[in-house]
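The structure appears below as structure tokens.
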Amino acid sequence: MNKIVVVDYGMGNLRSVAQALRAVAPEADVKISGEVADIENAHRIVLPGQGAMPDCMRSLRESGVQEALMRAAETKPLMGVCIGEQMLFDVSEEGDAAGLGLLPGKVVRFQLDGMLQEDGSRFKVPQMGWNQVRQTASHPLWQGIPDNSYFYFVHSYFVQPAQAAHVVGETEYGKPFACAVARDNIFATQFHPEKSAAMGLQLYKNFVHWQP
Amino acid sequence: MLAKRIIPCLDVTDGRVVKGVNFTELRDAGDPVEIARRYDEQGADELTFLDITATSDNRGLILHIIEAVASQVFIPLTVGGGVREVADVRRLLNAGADKISMNSSAVANPQLVYDASQKHGSQCIVVAIDAKQVSPGKWEVFTHGGRKATGLDAIEWARKMEQLGAGEILLTSMDRDGTKSGFDLALTRGVSDAISIPVIASGGVGGLQDLADGVKLGRADAVLAASIFHYGQHTVQEAKQFLAAQGIPMRLA
């Protein structure tokens, strides 16, 4: 059986992520867990995250699952979502927090002061709402998802990968930024697939069946 | 481009969706889970649930409703009504809410907005402001379902809430609520231009042009409506097509 663990380290809307996975993979064993044994036994890992990255990193460290997660990240399909995406990188401007370093690059804040949207209104931070994702590279997880589909975002920070080859999706908010990244067995999004209706569910479905 | 959002609002009391006029005269509009599913199918961008007679008695009821909706609907859910402490925020998030709206409790205890956003992130803290015009270009904040005047200026209050960590403002014109005469556009524009976090316009939608005006003239980031959707006057999809035809960026499912 396909065992999927949604990593519980005390942060984020884990239930929504688990429910979306169960909706697309009723045959899978989806578990919300902060147990090392569960992560070691899982076939796939989802790392969600909400709030501030320094708090998320601290919780992850204190939860005792960080090492198991790092081992899993070497081989198992791993999906990061929102702060769970940001934590995969080296460092964040938010509280100068060190990340997991699974992807080279940093996390930076939107700098949109004084810039106006096309209709003359100011850019609001956090970016909150549905925005289009341009698929900048082909990837198995984009299967069945039309280019420029809308996904749900809520964030003030975004990732800046050091290697352009790791960017698989971009979104425009003031400027283009990387909203989906991937390498080997890792895929991560700034947007929330579990809150992105049919397109988000399709992405999770692709992840559940992904054989990197 | 970031789309403007259309948010059906479900006022919930005793487990049912209801709709009032000027915050009173409640009419039954149906089962919350059924209505949520319908709006999801119509392409709603988010859903807002307001527990309008929140007491300790029905607190458990709204948790149950949120759990039921969140297991079937994969779009963001905002829940408000009766949130008094940070632990309430945690409980509602655990039930499947994505954002928690505070109103009276934010006025009674502004520190709650700070503490809740520090603990759970600004992205999930919405401050609801019920405002009534007191003189030209001036609006006062009311609480307790519109029954209690606070003496606070709505625009100043929105600024303060942003500083304390609110991630979004849900702005309701009490003068317009339930009247179908359109948003208070001066109020909406005044608040939206004063702060850097998103503003949801609410109160007074009678037709689709009101929604478009809220975005174009009021500069709202999202528009909230109840009765035009609840009673089948328009579907959410019709509303989105209507706004898109006026050049407003919309997610057309």
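Letters A, B, ... mark the chains of the structure tokens in the order given; residue numbers begin at 1 per chain; ligand numbers begin at 1, in order shown.
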Counting only C-alpha atoms, a student should be able to say which residues of chain A come within 10 Å of chain B; what is the right answer, written as a PyMOL selection string?
chain A and resi 11-20+22-23+50-53+55+112-113+117-133+148-156+171-174+192-201
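Interatomic distance, atom CA of Cys82 of chain A against atom CA of Gly49 of chain A: 5.9 Å.
Candidate residues B:Thr48, B:Thr188, B:Ser101, B:Gln233 were compared for distance to Ala154 of chain B, and the nearest is B:Thr188, using only C-alpha atoms.
Distance-wise, atom CA of Gly95 of chain A and atom CA of Ala162 of chain A end up 19.9 Å apart.
Distance annotation: of B:Asp175, B:Lys240, B:Ser104, B:Asp88, the residue with the minimal separation from Thr150 of chain B is B:Ser104; atom set is only C-alpha atoms.
The residue that comes closest to Val181 of chain A, out of A:Val7, A:Leu78, A:Val108, A:Val91 and on the basis of only C-alpha atoms, is A:Leu78.
Non-sequential neighbours of Gly137 of chain B (distance at most 9 Å, separation of 5 or more positions within a chain, only C-alpha atoms) are Ala186, Leu187 and Gly190 of chain B.
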Taking the DSSP secondary structure from the backbone, can you list the residues of segment 7-106 of chain A that are strand (DSSP E or B), as a PyMOL selection string?
chain A and resi 7+29-33+44-47+78-81+91-92+98+105-106
Name the residues in contact with Ser138 of chain A at a cut-off of 12 Å, using only C-alpha atoms, excluding same-chain residues fewer than 6 positions from it; report them as number ranges by chain.
A: 144-147, 165-169, 180-182
Selection to disk with all heavy atoms, as a PDB file, in the first residue's frame:
```pdb
ATOM      1  N   GLY A 144      -1.879  16.897 -16.900  1.00  0.00           N
ATOM      2  CA  GLY A 144      -3.320  17.151 -16.779  1.00  0.00           C
ATOM      3  C   GLY A 144      -3.658  18.540 -16.268  1.00  0.00           C
ATOM      4  O   GLY A 144      -4.828  18.838 -16.021  1.00  0.00           O
ATOM      5  N   ILE A 145      -2.638  19.383 -16.061  1.00  0.00           N
ATOM      6  CA  ILE A 145      -2.873  20.748 -15.575  1.00  0.00           C
ATOM      7  C   ILE A 145      -2.512  21.726 -16.696  1.00  0.00           C
ATOM      8  O   ILE A 145      -1.344  21.823 -17.078  1.00  0.00           O
ATOM      9  CB  ILE A 145      -2.025  21.035 -14.315  1.00  0.00           C
ATOM     10  CG1 ILE A 145      -2.424  20.070 -13.195  1.00  0.00           C
ATOM     11  CG2 ILE A 145      -2.182  22.497 -13.880  1.00  0.00           C
ATOM     12  CD1 ILE A 145      -1.525  20.123 -11.980  1.00  0.00           C
ATOM     13  N   PRO A 146      -3.496  22.448 -17.235  1.00  0.00           N
ATOM     14  CA  PRO A 146      -3.180  23.387 -18.320  1.00  0.00           C
ATOM     15  C   PRO A 146      -2.208  24.465 -17.846  1.00  0.00           C
ATOM     16  O   PRO A 146      -2.255  24.886 -16.683  1.00  0.00           O
ATOM     17  CB  PRO A 146      -4.539  23.999 -18.673  1.00  0.00           C
ATOM     18  CG  PRO A 146      -5.560  23.057 -18.121  1.00  0.00           C
ATOM     19  CD  PRO A 146      -4.931  22.420 -16.915  1.00  0.00           C
ATOM     20  N   ASP A 147      -1.343  24.888 -18.767  1.00  0.00           N
ATOM     21  CA  ASP A 147      -0.423  25.979 -18.457  1.00  0.00           C
ATOM     22  C   ASP A 147      -1.245  27.228 -18.083  1.00  0.00           C
ATOM     23  O   ASP A 147      -2.337  27.435 -18.608  1.00  0.00           O
ATOM     24  CB  ASP A 147       0.439  26.271 -19.697  1.00  0.00           C
ATOM     25  CG  ASP A 147       1.686  27.075 -19.340  1.00  0.00           C
ATOM     26  OD1 ASP A 147       2.003  27.206 -18.137  1.00  0.00           O
ATOM     27  OD2 ASP A 147       2.341  27.573 -20.277  1.00  0.00           O
ATOM     28  N   ALA A 165      17.655  25.902 -13.079  1.00  0.00           N
ATOM     29  CA  ALA A 165      17.162  24.582 -13.491  1.00  0.00           C
ATOM     30  C   ALA A 165      16.180  24.000 -12.482  1.00  0.00           C
ATOM     31  O   ALA A 165      15.437  23.072 -12.807  1.00  0.00           O
ATOM     32  CB  ALA A 165      18.336  23.615 -13.679  1.00  0.00           C
ATOM     33  N   HIS A 166      16.178  24.531 -11.257  1.00  0.00           N
ATOM     34  CA  HIS A 166      15.252  24.010 -10.244  1.00  0.00           C
ATOM     35  C   HIS A 166      13.862  24.644 -10.313  1.00  0.00           C
ATOM     36  O   HIS A 166      12.965  24.235  -9.591  1.00  0.00           O
ATOM     37  CB  HIS A 166      15.843  24.217  -8.844  1.00  0.00           C
ATOM     38  CG  HIS A 166      17.036  23.347  -8.576  1.00  0.00           C
ATOM     39  ND1 HIS A 166      18.003  23.653  -7.654  1.00  0.00           N
ATOM     40  CD2 HIS A 166      17.416  22.174  -9.132  1.00  0.00           C
ATOM     41  CE1 HIS A 166      18.933  22.708  -7.646  1.00  0.00           C
ATOM     42  NE2 HIS A 166      18.594  21.804  -8.537  1.00  0.00           N
ATOM     43  N   VAL A 167      13.707  25.660 -11.154  1.00  0.00           N
ATOM     44  CA  VAL A 167      12.409  26.334 -11.251  1.00  0.00           C
ATOM     45  C   VAL A 167      11.550  25.619 -12.296  1.00  0.00           C
ATOM     46  O   VAL A 167      11.958  25.456 -13.439  1.00  0.00           O
ATOM     47  CB  VAL A 167      12.575  27.814 -11.649  1.00  0.00           C
ATOM     48  CG1 VAL A 167      11.216  28.504 -11.741  1.00  0.00           C
ATOM     49  CG2 VAL A 167      13.479  28.537 -10.656  1.00  0.00           C
ATOM     50  N   VAL A 168      10.347  25.203 -11.881  1.00  0.00           N
ATOM     51  CA  VAL A 168       9.436  24.567 -12.837  1.00  0.00           C
ATOM     52  C   VAL A 168       8.144  25.362 -13.020  1.00  0.00           C
ATOM     53  O   VAL A 168       7.344  25.053 -13.896  1.00  0.00           O
ATOM     54  CB  VAL A 168       9.108  23.105 -12.456  1.00  0.00           C
ATOM     55  CG1 VAL A 168      10.353  22.234 -12.528  1.00  0.00           C
ATOM     56  CG2 VAL A 168       8.473  23.030 -11.075  1.00  0.00           C
ATOM     57  N   GLY A 169       7.944  26.383 -12.170  1.00  0.00           N
ATOM     58  CA  GLY A 169       6.745  27.208 -12.321  1.00  0.00           C
ATOM     59  C   GLY A 169       6.994  28.620 -11.827  1.00  0.00           C
ATOM     60  O   GLY A 169       7.748  28.823 -10.872  1.00  0.00           O
ATOM     61  N   ALA A 180       7.043  27.221  -8.111  1.00  0.00           N
ATOM     62  CA  ALA A 180       7.134  25.762  -8.067  1.00  0.00           C
ATOM     63  C   ALA A 180       8.569  25.377  -8.407  1.00  0.00           C
ATOM     64  O   ALA A 180       9.144  25.909  -9.359  1.00  0.00           O
ATOM     65  CB  ALA A 180       6.165  25.115  -9.037  1.00  0.00           C
ATOM     66  N   VAL A 181       9.138  24.507  -7.580  1.00  0.00           N
ATOM     67  CA  VAL A 181      10.539  24.114  -7.768  1.00  0.00           C
ATOM     68  C   VAL A 181      10.641  22.585  -7.699  1.00  0.00           C
ATOM     69  O   VAL A 181       9.792  21.931  -7.100  1.00  0.00           O
ATOM     70  CB  VAL A 181      11.458  24.741  -6.685  1.00  0.00           C
ATOM     71  CG1 VAL A 181      11.495  26.252  -6.813  1.00  0.00           C
ATOM     72  CG2 VAL A 181      10.999  24.343  -5.287  1.00  0.00           C
ATOM     73  N   ALA A 182      11.685  22.057  -8.323  1.00  0.00           N
ATOM     74  CA  ALA A 182      11.845  20.607  -8.316  1.00  0.00           C
ATOM     75  C   ALA A 182      13.288  20.226  -8.571  1.00  0.00           C
ATOM     76  O   ALA A 182      14.015  20.943  -9.268  1.00  0.00           O
ATOM     77  CB  ALA A 182      10.943  19.980  -9.382  1.00  0.00           C
TER      78      ALA A 182
END
```
Determine which residues of chain A DSSP labels as helix (DSSP H, G or I) from the backbone of this structure, then write them out as a VMD selection string.
chain A and resid 14 to 24 36 to 41 53 to 63 66 to 75 83 to 86 94 to 96 140 to 142 164 to 166 193 to 195 197 to 209
Env of Asp210 of chain B: 9 Å cut, atoms = only C-alpha atoms, seq-sep filter 5 positions within chain, self excluded. Answer as a VMD selection string.
chain B and resid 180 to 183 204 to 205 215
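Residues lying within 9 Å of Val127 of chain B, counting only C-alpha atoms and ignoring same-chain neighbours fewer than 2 positions away, are Ile100, Ser101, Met102, Asn103, Ala106, Val113, Ile125, Ile129, Ala158, Met161, Glu162, Ala166, Gly167, Glu168, Ile169, Leu170 and Leu171 of chain B.
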Please write the residues from the selection above to a file, keeping N, CA and C atoms, as a tab-separated table (two decimals), in the first residue's frame.
```tsv
chain	number	residue	atom	x	y	z
B	100	ILE	N	-9.26	33.03	10.23
B	100	ILE	CA	-10.16	33.28	11.34
B	100	ILE	C	-10.45	34.77	11.41
B	101	SER	N	-11.71	35.09	11.47
B	101	SER	CA	-12.10	36.49	11.50
B	101	SER	C	-12.50	36.90	12.91
B	102	MET	N	-12.00	38.07	13.32
B	102	MET	CA	-12.33	38.60	14.65
B	102	MET	C	-12.93	39.97	14.50
B	103	ASN	N	-13.84	40.29	15.39
B	103	ASN	CA	-14.51	41.57	15.28
B	103	ASN	C	-14.60	42.22	16.65
B	106	ALA	N	-11.51	41.87	18.83
B	106	ALA	CA	-10.35	42.68	18.44
B	106	ALA	C	-10.45	44.08	19.04
B	113	VAL	N	-5.21	40.22	18.44
B	113	VAL	CA	-4.83	40.21	17.03
B	113	VAL	C	-3.32	39.99	16.90
B	125	ILE	N	-5.22	35.57	9.93
B	125	ILE	CA	-5.96	36.46	10.83
B	125	ILE	C	-6.65	37.57	10.04
B	129	ILE	N	-14.48	44.50	10.23
B	129	ILE	CA	-14.86	45.83	10.71
B	129	ILE	C	-16.28	46.13	10.22
B	158	ALA	N	-8.51	50.26	10.88
B	158	ALA	CA	-7.95	49.32	9.90
B	158	ALA	C	-6.42	49.42	9.89
B	161	MET	N	-5.05	47.72	12.97
B	161	MET	CA	-5.13	46.26	12.87
B	161	MET	C	-4.03	45.70	11.97
B	162	GLU	N	-3.73	46.43	10.89
B	162	GLU	CA	-2.63	46.02	10.02
B	162	GLU	C	-1.32	46.01	10.81
B	166	ALA	N	-2.84	41.87	11.48
B	166	ALA	CA	-3.94	41.33	10.68
B	166	ALA	C	-3.45	41.10	9.25
B	167	GLY	N	-3.93	40.05	8.60
B	167	GLY	CA	-3.52	39.75	7.24
B	167	GLY	C	-4.53	40.21	6.21
B	168	GLU	N	-5.71	40.58	6.68
B	168	GLU	CA	-6.78	40.96	5.77
B	168	GLU	C	-7.86	41.68	6.56
B	169	ILE	N	-8.60	42.57	5.88
B	169	ILE	CA	-9.71	43.28	6.51
B	169	ILE	C	-11.01	42.91	5.79
B	170	LEU	N	-11.99	42.48	6.57
B	170	LEU	CA	-13.33	42.23	6.03
B	170	LEU	C	-14.19	43.42	6.44
B	171	LEU	N	-14.50	44.26	5.47
B	171	LEU	CA	-15.10	45.56	5.75
B	171	LEU	C	-16.58	45.58	5.38
```
